[in-house]
Each structure stands twice: as C-alpha cells, then as structure tokens.
>>> print(open('protein38.cif').read())   # mmCIF, C-alpha atoms
data_structure
loop_
_atom_site.label_atom_id
_atom_site.label_comp_id
_atom_site.auth_asym_id
_atom_site.auth_seq_id
_atom_site.Cartn_x
_atom_site.Cartn_y
_atom_site.Cartn_z
CA MET A 265 15.50 8.35 -18.87
CA ARG A 266 13.14 9.48 -16.10
CA VAL A 267 14.69 10.30 -12.73
CA ILE A 268 12.35 10.16 -9.72
CA CYS A 269 13.58 12.69 -7.16
CA ASP A 270 10.90 12.84 -4.44
CA ALA A 271 10.13 10.65 -1.44
CA PRO A 272 6.60 11.33 -0.18
CA GLY A 273 5.38 9.70 3.02
CA GLN A 274 5.64 6.05 3.94
CA THR A 275 6.09 2.88 1.90
CA CYS A 276 2.80 2.78 -0.04
CA ASN A 277 3.07 6.44 -0.98
CA ARG A 278 6.47 5.56 -2.42
CA LEU A 279 5.04 2.61 -4.36
CA TRP A 280 2.37 4.86 -5.85
CA THR A 281 5.15 7.33 -6.67
CA TYR A 282 7.05 4.72 -8.70
CA VAL A 283 4.32 2.68 -10.38
CA THR A 284 3.26 4.89 -13.31
CA SER A 285 6.88 5.40 -14.34
CA VAL A 286 7.58 1.68 -14.06
CA ALA A 287 4.52 0.98 -16.22
CA GLN A 288 5.70 3.47 -18.83
CA CYS A 289 9.17 1.93 -18.89
CA VAL A 290 7.66 -1.52 -19.44
CA ALA A 291 5.35 -0.29 -22.22
CA GLU A 292 7.86 1.94 -24.01
CA ASN A 293 11.06 0.01 -23.26
CA LYS A 294 12.57 2.92 -21.34
CA LYS A 295 14.78 3.24 -18.25
CA MET A 296 14.43 5.13 -14.97
CA VAL A 297 16.31 6.08 -11.83
CA ILE A 298 14.94 6.21 -8.27
CA ILE A 299 17.20 8.44 -6.17
CA PHE A 300 15.53 8.30 -2.77
CA TYR A 301 14.01 4.88 -2.29
CA ASP A 302 12.11 3.50 0.68
CA TRP A 303 13.84 1.58 3.46
CA THR A 304 11.70 -1.49 2.64
CA ILE A 305 13.45 -1.84 -0.74
CA GLU A 306 15.14 -5.08 0.38
CA ASP A 307 11.67 -6.64 0.67
CA PHE A 308 11.16 -6.08 -3.08
CA PRO A 309 14.02 -7.91 -4.82
CA ASN A 310 12.37 -7.79 -8.26
CA LEU A 311 12.10 -4.01 -8.00
CA LEU A 312 15.60 -3.61 -6.61
CA HIS A 313 17.14 -5.74 -9.35
CA CYS A 314 14.85 -4.76 -12.22
CA PRO A 315 17.09 -4.36 -15.31
CA PHE A 316 15.65 -1.00 -16.36
CA ILE A 317 15.49 0.62 -12.89
CA TYR A 318 18.67 2.10 -11.45
CA PHE A 319 19.42 2.98 -7.83
CA PRO A 320 22.36 5.03 -6.49
CA LEU A 321 25.37 3.02 -5.34
CA TYR A 322 25.23 4.27 -1.75
CA HIS A 323 22.67 1.54 -1.10
CA LYS A 324 25.42 -0.98 -0.32
CA TRP A 325 28.32 0.99 1.05
CA TYR A 326 26.39 3.31 3.36
CA LEU A 327 22.87 2.23 4.20
CA GLU A 328 23.72 -1.21 5.53
CA ARG A 329 26.30 0.13 7.99
CA GLY A 330 25.57 1.25 11.52
CA ASN A 331 22.80 3.85 11.66
CA GLY A 332 22.88 4.35 7.90
CA TRP A 333 19.15 3.96 7.21
CA ASN A 334 18.10 6.44 9.91
CA ASN A 335 20.66 8.95 8.70
CA TYR A 336 19.50 8.39 5.12
CA LYS A 337 15.84 8.95 6.02
CA GLY A 338 16.72 12.20 7.74
CA LEU A 339 18.86 13.35 4.83
CA THR A 340 16.15 12.37 2.35
CA TRP A 341 13.53 14.44 4.18
CA LYS A 342 15.80 17.49 4.27
CA ILE A 343 16.64 17.32 0.57
CA THR A 344 13.13 16.58 -0.66
CA HIS A 345 11.65 19.40 1.44
CA ASN A 346 14.09 22.08 0.33
CA LYS A 347 13.30 24.84 -2.18
CA THR A 348 16.89 25.08 -3.38
CA TRP A 349 17.04 21.36 -4.14
CA ASP A 350 13.64 21.62 -5.84
CA LYS A 351 15.12 24.19 -8.20
CA ILE A 352 18.18 22.01 -8.83
CA PHE A 353 16.03 18.95 -9.59
CA LYS A 354 13.81 20.99 -11.89
CA PHE A 355 16.84 22.38 -13.73
CA LEU A 356 18.15 18.85 -14.20
CA GLY A 357 14.80 17.72 -15.60
CA PHE A 358 14.06 15.29 -12.77
CA THR A 359 10.49 14.17 -12.01
CA LYS A 360 8.44 14.17 -8.83
CA GLY A 361 6.77 10.79 -8.97
CA TRP A 362 3.92 11.86 -6.71
CA GLN A 363 2.81 14.20 -9.48
CA THR A 364 2.61 11.34 -12.01
CA ARG A 365 -0.31 9.59 -10.28
CA THR A 366 -2.79 10.86 -12.88
CA ASP A 367 -0.85 9.15 -15.68
CA THR A 368 -2.94 5.99 -16.05
CA ARG A 369 -2.05 5.15 -19.66
CA TYR A 370 -0.16 1.93 -19.06
CA LEU A 371 -1.30 0.66 -15.65
CA GLN A 372 -3.83 -1.94 -16.83
CA LYS A 373 -1.87 -2.87 -19.94
CA THR A 374 1.22 -3.73 -17.91
CA MET A 375 -0.50 -5.15 -14.81
CA PRO A 376 1.07 -8.66 -15.06
CA GLN A 377 4.55 -7.13 -15.25
CA LEU A 378 3.77 -4.71 -12.40
CA GLN A 379 2.58 -7.54 -10.21
CA MET A 380 5.86 -9.36 -10.80
CA ILE A 381 8.09 -6.31 -10.32
CA PHE A 382 6.35 -5.27 -7.10
CA ARG A 383 6.14 -8.80 -5.71
CA PRO A 384 7.84 -9.02 -2.29
CA LYS A 385 10.47 -11.63 -1.51
CA GLU A 386 9.26 -15.22 -1.44
CA GLU A 387 9.36 -15.71 2.33
CA ILE A 388 6.88 -12.86 2.72
CA MET A 389 4.59 -14.14 -0.02
CA GLN A 390 4.72 -17.67 1.40
CA LYS A 391 3.56 -16.49 4.82
CA ALA A 392 0.84 -14.35 3.22
CA GLU A 393 -0.40 -17.21 1.05
CA ASN A 394 -0.36 -19.65 3.99
CA MET A 395 -2.43 -17.26 6.10
CA VAL A 396 -5.08 -16.72 3.41
CA ASN A 397 -5.19 -20.40 2.46
CA ASN A 398 -5.75 -21.29 6.11
CA LEU A 399 -8.60 -18.78 6.36
CA ARG A 400 -10.09 -19.86 3.04
CA GLN A 401 -10.58 -23.53 3.99
CA GLU A 402 -14.03 -24.94 3.32
CA ASN A 403 -14.70 -22.29 0.65
CA ASN A 404 -14.65 -19.47 3.17
CA MET A 405 -14.75 -15.85 2.05
CA VAL A 406 -11.73 -13.93 3.36
CA ILE A 407 -12.17 -10.24 4.09
CA GLY A 408 -9.13 -8.15 4.92
CA VAL A 409 -9.64 -5.40 7.50
CA HIS A 410 -7.09 -2.59 7.59
CA ILE A 411 -7.24 -1.02 11.05
CA ARG A 412 -5.36 2.26 11.11
CA ARG A 413 -5.70 4.50 14.12
CA GLY A 414 -2.68 6.26 15.66
CA ASP A 415 -2.10 9.34 13.50
CA TYR A 416 -5.69 9.15 12.22
CA ALA A 417 -6.84 10.53 15.58
CA THR A 418 -5.74 13.96 14.32
CA TRP A 419 -5.50 13.54 10.51
CA HIS A 420 -8.28 15.68 8.99
CA GLY A 421 -9.65 16.30 12.45
CA GLY A 422 -10.04 12.59 13.19
CA ARG A 423 -12.66 12.16 10.48
CA PHE A 424 -11.51 8.63 9.64
CA PHE A 425 -10.50 7.54 13.13
CA TYR A 426 -12.61 4.66 14.41
CA GLU A 427 -12.63 2.84 17.74
CA LEU A 428 -12.12 -0.91 17.74
CA GLU A 429 -15.83 -1.31 18.50
CA ASP A 430 -16.58 0.63 15.32
CA TYR A 431 -14.46 -1.81 13.33
CA HIS A 432 -16.29 -4.63 15.08
CA GLN A 433 -19.63 -3.24 13.89
CA PHE A 434 -18.30 -2.81 10.35
CA MET A 435 -17.24 -6.45 10.38
CA LEU A 436 -20.57 -7.70 11.73
CA THR A 437 -22.43 -5.70 9.08
CA VAL A 438 -20.29 -7.06 6.24
CA GLN A 439 -20.54 -10.55 7.69
CA ASN A 440 -24.32 -10.23 7.53
CA LEU A 441 -24.07 -8.97 3.92
CA TYR A 442 -22.37 -12.24 3.00
CA LYS A 443 -24.39 -14.40 5.39
CA ASP A 444 -24.68 -17.13 2.74
CA LYS A 445 -20.89 -17.60 2.94
CA HIS A 446 -18.46 -18.57 5.67
CA VAL A 447 -16.79 -15.22 6.30
CA ARG A 448 -13.34 -15.08 7.88
CA PHE A 449 -11.40 -11.90 8.60
CA PHE A 450 -7.72 -11.11 8.25
CA ILE A 451 -6.77 -8.20 10.51
CA SER A 452 -3.99 -5.83 9.41
CA SER A 453 -2.87 -3.40 12.10
CA ASN A 454 0.28 -2.13 13.79
CA GLU A 455 -1.54 -2.04 17.14
CA THR A 456 -1.56 -4.71 19.82
CA PHE A 457 -5.03 -5.81 20.90
CA ASP A 458 -6.89 -9.01 21.69
CA LEU A 459 -8.92 -10.36 18.78
CA LYS A 460 -11.62 -11.23 21.33
CA VAL A 461 -12.84 -7.63 20.93
CA PHE A 462 -14.34 -8.81 17.63
CA GLU A 463 -16.78 -11.22 19.22
CA GLY A 464 -18.83 -13.20 16.72
CA CYS A 465 -16.22 -12.79 13.99
CA GLN A 466 -13.58 -15.39 13.18
CA CYS A 467 -10.32 -13.49 12.79
CA GLN A 468 -6.61 -14.06 12.44
CA ARG A 469 -3.60 -11.77 12.25
CA PHE A 470 0.17 -11.98 12.30
CA GLY A 471 2.20 -11.25 15.40
CA HIS A 472 5.20 -8.96 15.50
CA GLU A 473 7.38 -10.14 12.62
CA PRO A 474 10.14 -8.65 10.47
CA SER A 475 8.68 -7.00 7.37
CA GLY A 476 5.35 -6.89 9.22
CA ALA A 477 3.93 -3.95 7.27
CA ILE A 478 4.75 -5.52 3.88
CA LEU A 479 3.53 -8.91 5.07
CA ASP A 480 0.19 -7.45 6.11
CA LEU A 481 -0.02 -5.41 2.91
CA TYR A 482 0.39 -8.37 0.60
CA THR A 483 -1.84 -10.60 2.71
CA LEU A 484 -4.57 -7.99 2.17
CA SER A 485 -3.85 -8.20 -1.56
CA LEU A 486 -4.74 -11.92 -1.50
CA CYS A 487 -8.09 -11.53 0.27
CA ASP A 488 -11.49 -11.64 -1.45
CA ARG A 489 -12.50 -8.19 -0.18
CA ILE A 490 -10.74 -5.38 1.69
CA MET A 491 -12.16 -2.66 3.90
CA GLY A 492 -10.46 0.12 5.80
CA PRO A 493 -10.23 3.91 6.17
CA PHE A 494 -8.91 6.13 3.38
CA SER A 495 -5.28 5.13 2.94
CA SER A 496 -2.70 4.56 0.23
CA TYR A 497 -1.98 1.27 2.03
CA SER A 498 -5.26 -0.57 1.40
CA ARG A 499 -5.49 1.26 -1.94
CA TRP A 500 -2.21 -0.35 -3.04
CA ALA A 501 -3.30 -3.80 -1.80
CA SER A 502 -6.50 -3.52 -3.85
CA PHE A 503 -4.66 -2.29 -6.94
CA ILE A 504 -1.77 -4.76 -7.02
CA GLY A 505 -3.95 -7.72 -5.96
CA GLU A 506 -6.97 -6.68 -8.06
CA VAL A 507 -9.18 -7.08 -4.99
CA PRO A 508 -12.43 -5.13 -4.42
CA LEU A 509 -12.02 -2.49 -1.70
CA CYS A 510 -14.50 -0.49 0.34
CA PHE A 511 -13.32 2.64 2.15
CA LEU A 512 -14.86 3.21 5.58
CA GLU A 513 -16.29 6.70 5.36
CA SER A 514 -18.56 7.00 8.42
CA LYS A 515 -19.43 5.11 11.61
CA ASN A 516 -22.96 4.42 10.40
CA GLN A 517 -21.88 3.12 7.01
CA GLN A 518 -24.05 0.52 5.31
CA PHE A 519 -22.67 -2.01 2.84
CA THR A 520 -23.87 -3.65 -0.34
CA GLU A 521 -21.96 -5.75 -2.84
CA GLU A 522 -21.62 -2.58 -4.92
CA SER A 523 -19.76 -0.93 -2.02
CA PHE A 524 -16.70 -2.96 -3.02
CA SER A 525 -14.76 -2.24 -6.19
CA LYS A 526 -11.18 -2.73 -7.38
CA ILE A 527 -8.75 0.16 -7.43
CA VAL A 528 -7.57 0.77 -11.02
CA ASP A 529 -5.40 3.82 -10.35
CA PHE A 530 -4.69 6.16 -7.47
CA PHE A 531 -7.81 8.24 -8.03
CA HIS A 532 -10.38 5.72 -9.32
CA PHE A 533 -12.25 2.56 -8.52
CA GLU A 534 -13.16 0.15 -11.31
CA ASN A 535 -16.82 1.18 -10.96
CA GLY A 536 -15.86 4.74 -11.89
CA LYS A 537 -16.05 6.23 -8.41
CA GLU A 538 -13.48 8.97 -8.01
CA ILE A 539 -11.31 9.19 -4.91
CA PHE A 540 -10.75 12.62 -3.43
CA ASP A 541 -7.05 13.47 -2.97
CA TRP A 542 -6.79 13.79 0.78
#
>>> encode(input="protein38.cif", output="structure tokens")
Amino acid sequence: MRVICDAPGQTCNRLWTYVTSVAQCVAENKKMVIIFYDWTIEDFPNLLHCPFIYFPLYHKWYLERGNGWNNYKGLTWKITHNKTWDKIFKFLGFTKGWQTRTDTRYLQKTMPQLQMIFRPKEEIMQKAENMVNNLRQENNMVIGVHIRRGDYATWHGGRFFYELEDYHQFMLTVQNLYKDKHVRFFISSNETFDLKVFEGCQCQRFGHEPSGAILDLYTLSLCDRIMGPFSSYSRWASFIGEVPLCFLESKNQQFTEESFSKIVDFFHFENGKEIFDW
C-alpha cells in the first residue's frame, strides 16, 4: 500500500501529486493512503469515497469544526517542511507524491477511470457544462483563458506576468487564427475586472461563487482550447479534459494550430514537447 505523505502547493499541485498513484492502483488493483489532503477534497466526492483510497479519520471530527481547516493547513505545512518528519516518513516507507510525476506508465491506460475519480461534485459540473454549452451555441469555438497574475509578478522575476492588455492581444491573435469560426472566450481568473477590457472579444466568466477555483478549473477542461501562463492549473485542465493547451511564453507570441496540444503527463504535451520543471 502506497502512503502519500507530502502536500506541495495549491490544489492542482496536489492533484498532480495523487494522480500517478491513483492510476497505478487502478491498473494493479492496489490501495493507497493520502495523509495530508487538500481543503477542496469535499468538491471531489468520487476521490474522497474511492474504495481503494484511504484518508485519516480526523477529516470528520476535526476539520469541519471551528477553525479546523486553517489549523490543519498550518500543521500540514510545518510537518511536510520538517527534516525530522522527512526522516520518519522515509523510515516508514512513505512516498512523496510530487516525486512520482515522471511515472507515466498507467496515465493513458486508466484515463476513463481517472476522469471519473477526479470528477467534481455534480453541482460544479452542471454549472461548468451550462457555461460552455451557452458559449458553444451556433457551433461556436470555446477557448478558455487562464489569467493568473498576483504572485506571478515576482515568480521567476515576473517572466510570465502579463497585463490584461497583453491577454487581450493574445485573445485577438488567437481569434484571428480561427477567423473561420465563431470564437467565444471563457475567462478563468481570481481577479475582479470588467470584461470590457477585452474589446472585440465575446467573453463570459463566473462571478464570486463557492468552489470558484474548481468551477473555473473544470470549465476550462470542457473548452475546445486553453491558453494561459505556465501553471499546474491549466495543465491539469488540459490533462483531465483532454483539451489542447498553449502556454503563453512571451508577450509577442504568435499562434498556429500546432501551438495547441493536449497534456499527456506533467512534463509532456501530446506532440512530444517537453515542459521544463519550473
């Protein structure tokens, strides 16, 4: 039985941490334990109640009380960033899931099962499907745009930080690439801004809703194309939805149809392009 003992980063980092082990369990009929799971776990009932995945019991009697989740996140960070605990976990034979990302043996073979296990709760999927169906009327092409700024202003020296006007230009360029289609854009962002900044582009987005990050994530996974800066977020949406993705690598980027390709594992696109581990 594999025991996942790390908790790297935010939600999509966690999903990438789990997925290769889940795929192996499906393929080899094995079991696993996730000790430190993400606070969005309630949004993934199939994962939470998967018969071969076990979670510690403190989920019910501690986390749902008072300030339990915030305390848990703080405790998780302290334990998973501690050399003594690292030695204990290693002695016990536990696994750091983040280090399993190169194990691609079973990802494609078990994709239908993975898509079911990592499917969010139905109310989230219903909203996501309604949004994309509304955008896709009249045979429109729906392109998901992941706008991440915030911490990207300093991450790697701001290399992948773009102004809203930059995103606007990306969208206009891609819209021209598919000028023979009716292009509509779904905007995924945790920022508040007026969609009028994207003049000449027909866009929609969700407002502030519970499970907003997961709702945006799985709406992206239903689009026809996705574009956004380097991120495990859009990478997961492309992988789990089998949707072609294009990373935004520079402000002057040009696009062709070949710019978009599906993510097949954490480090590779379907077209063979390798993704540098930022």
>>> atom_distance(input="protein38.cif", atom1="CA of Lys337 (chain A)", atom2="CA of Phe540 (chain A)")
28.5 Å
>>> residues_around(input="protein38.cif", residues="Cys269 (chain A)", least_positions_apart="2", cutoff="9 Å", atoms="all atoms listed in the file", output="list in words")
Val267, Ala271, Val297, Ile298, Ile299, Phe300, Thr344, Phe353, Phe358, Thr359, Lys360 and Gly361 of chain A
>>> write_last_selection(input="protein38.cif", atoms="C-alpha atoms", output="mmCIF file, in the frame of the given file")
data_model
loop_
_atom_site.group_PDB
_atom_site.id
_atom_site.type_symbol
_atom_site.label_atom_id
_atom_site.label_comp_id
_atom_site.auth_asym_id
_atom_site.auth_seq_id
_atom_site.Cartn_x
_atom_site.Cartn_y
_atom_site.Cartn_z
ATOM 1 C CA VAL A 267 14.690 10.300 -12.730
ATOM 2 C CA ALA A 271 10.130 10.650 -1.440
ATOM 3 C CA VAL A 297 16.310 6.080 -11.830
ATOM 4 C CA ILE A 298 14.940 6.210 -8.270
ATOM 5 C CA ILE A 299 17.200 8.440 -6.170
ATOM 6 C CA PHE A 300 15.530 8.300 -2.770
ATOM 7 C CA THR A 344 13.130 16.580 -0.660
ATOM 8 C CA PHE A 353 16.030 18.950 -9.590
ATOM 9 C CA PHE A 358 14.060 15.290 -12.770
ATOM 10 C CA THR A 359 10.490 14.170 -12.010
ATOM 11 C CA LYS A 360 8.440 14.170 -8.830
ATOM 12 C CA GLY A 361 6.770 10.790 -8.970
#
>>> residues_around(input="protein38.cif", residues="His532 (chain A)", least_positions_apart="3", cutoff="12 Å", atoms="all atoms listed in the file", output="list in words")
Arg365, Thr366, Asp367, Thr368, Arg499, Trp500, Ser502, Phe503, Leu509, Ser525, Lys526, Ile527, Val528, Asp529, Asn535, Gly536, Lys537, Glu538, Ile539, Phe540 and Asp541 of chain A
>>> residues_around(input="protein38.cif", residues="Arg278 (chain A)", least_positions_apart="5", cutoff="8 Å", atoms="all atoms listed in the file", output="PyMOL selection string")
chain A and resi 271-273+301-302
>>> residues_around(input="protein38.cif", residues="Pro315 (chain A)", least_positions_apart="4", cutoff="10 Å", atoms="all atoms listed in the file", output="list in words")
Lys295, Met296, Asn310 and Leu311 of chain A
>>> residues_around(input="protein38.cif", residues="His410 (chain A)", least_positions_apart="6", cutoff="8 Å", atoms="only C-alpha atoms", output="PyMOL selection string")
chain A and resi 451-453+490-493+498
>>> resolve_selection(input="protein38.cif", expression="the PyMOL selection byres ((chain A and resi 461) around 10)", output="PDB file with C-alpha atoms, in the coordinates of the input")
ATOM      1  CA  LEU A 428     -12.120  -0.910  17.740  1.00  0.00           C
ATOM      2  CA  GLU A 429     -15.830  -1.310  18.500  1.00  0.00           C
ATOM      3  CA  TYR A 431     -14.460  -1.810  13.330  1.00  0.00           C
ATOM      4  CA  HIS A 432     -16.290  -4.630  15.080  1.00  0.00           C
ATOM      5  CA  PHE A 457      -5.030  -5.810  20.900  1.00  0.00           C
ATOM      6  CA  ASP A 458      -6.890  -9.010  21.690  1.00  0.00           C
ATOM      7  CA  LEU A 459      -8.920 -10.360  18.780  1.00  0.00           C
ATOM      8  CA  LYS A 460     -11.620 -11.230  21.330  1.00  0.00           C
ATOM      9  CA  PHE A 462     -14.340  -8.810  17.630  1.00  0.00           C
ATOM     10  CA  GLU A 463     -16.780 -11.220  19.220  1.00  0.00           C
ATOM     11  CA  GLY A 464     -18.830 -13.200  16.720  1.00  0.00           C
ATOM     12  CA  CYS A 465     -16.220 -12.790  13.990  1.00  0.00           C
TER      13      CYS A 465
END
>>> closest_residue(input="protein38.cif", among="A:Thr364, A:Thr418, A:Thr437, A:Ser475", to="Glu387 (chain A)", atoms="all atoms listed in the file")
A:Ser475
>>> atom_distance(input="protein38.cif", atom1="CA of Gln466 (chain A)", atom2="CA of Ser523 (chain A)")
21.9 Å
>>> resolve_selection(input="protein38.cif", expression="the PyMOL selection byres ((chain A and resi 284) around 8)", output="PDB file with C-alpha atoms, in the coordinates of the input")
ATOM      1  CA  TRP A 280       2.370   4.860  -5.850  1.00  0.00           C
ATOM      2  CA  THR A 281       5.150   7.330  -6.670  1.00  0.00           C
ATOM      3  CA  TYR A 282       7.050   4.720  -8.700  1.00  0.00           C
ATOM      4  CA  VAL A 283       4.320   2.680 -10.380  1.00  0.00           C
ATOM      5  CA  SER A 285       6.880   5.400 -14.340  1.00  0.00           C
ATOM      6  CA  VAL A 286       7.580   1.680 -14.060  1.00  0.00           C
ATOM      7  CA  ALA A 287       4.520   0.980 -16.220  1.00  0.00           C
ATOM      8  CA  GLN A 288       5.700   3.470 -18.830  1.00  0.00           C
ATOM      9  CA  THR A 364       2.610  11.340 -12.010  1.00  0.00           C
ATOM     10  CA  ARG A 365      -0.310   9.590 -10.280  1.00  0.00           C
ATOM     11  CA  ASP A 367      -0.850   9.150 -15.680  1.00  0.00           C
ATOM     12  CA  THR A 368      -2.940   5.990 -16.050  1.00  0.00           C
ATOM     13  CA  TYR A 370      -0.160   1.930 -19.060  1.00  0.00           C
ATOM     14  CA  LEU A 371      -1.300   0.660 -15.650  1.00  0.00           C
TER      15      LEU A 371
END
>>> resolve_selection(input="protein38.cif", expression="the PyMOL selection byres ((chain A and resi 468) around 9)", output="count of residues only")
11
>>> closest_residue(input="protein38.cif", among="A:Phe533, A:His472, A:Val438, A:Leu484", to="Glu521 (chain A)", atoms="all atoms listed in the file")
A:Val438
>>> atom_distance(input="protein38.cif", atom1="CA of Ala501 (chain A)", atom2="CA of Leu339 (chain A)")
28.8 Å
>>> axis_aligned_box(input="protein38.cif", around="region 333-336 of chain A", padding_each_side="4 Å", output="AutoDock Vina command-line options")
--center_x 19.4 --center_y 6.5 --center_z 7.5 --size_x 10.6 --size_y 13.0 --size_z 12.8
>>> closest_residue(input="protein38.cif", among="A:Glu306, A:Glu455, A:Leu378, A:Asn440", to="Thr520 (chain A)", atoms="all atoms listed in the file")
A:Asn440
>>> closest_residue(input="protein38.cif", among="A:Lys445, A:His420, A:Arg412, A:Arg266", to="Ser495 (chain A)", atoms="only C-alpha atoms")
A:Arg412
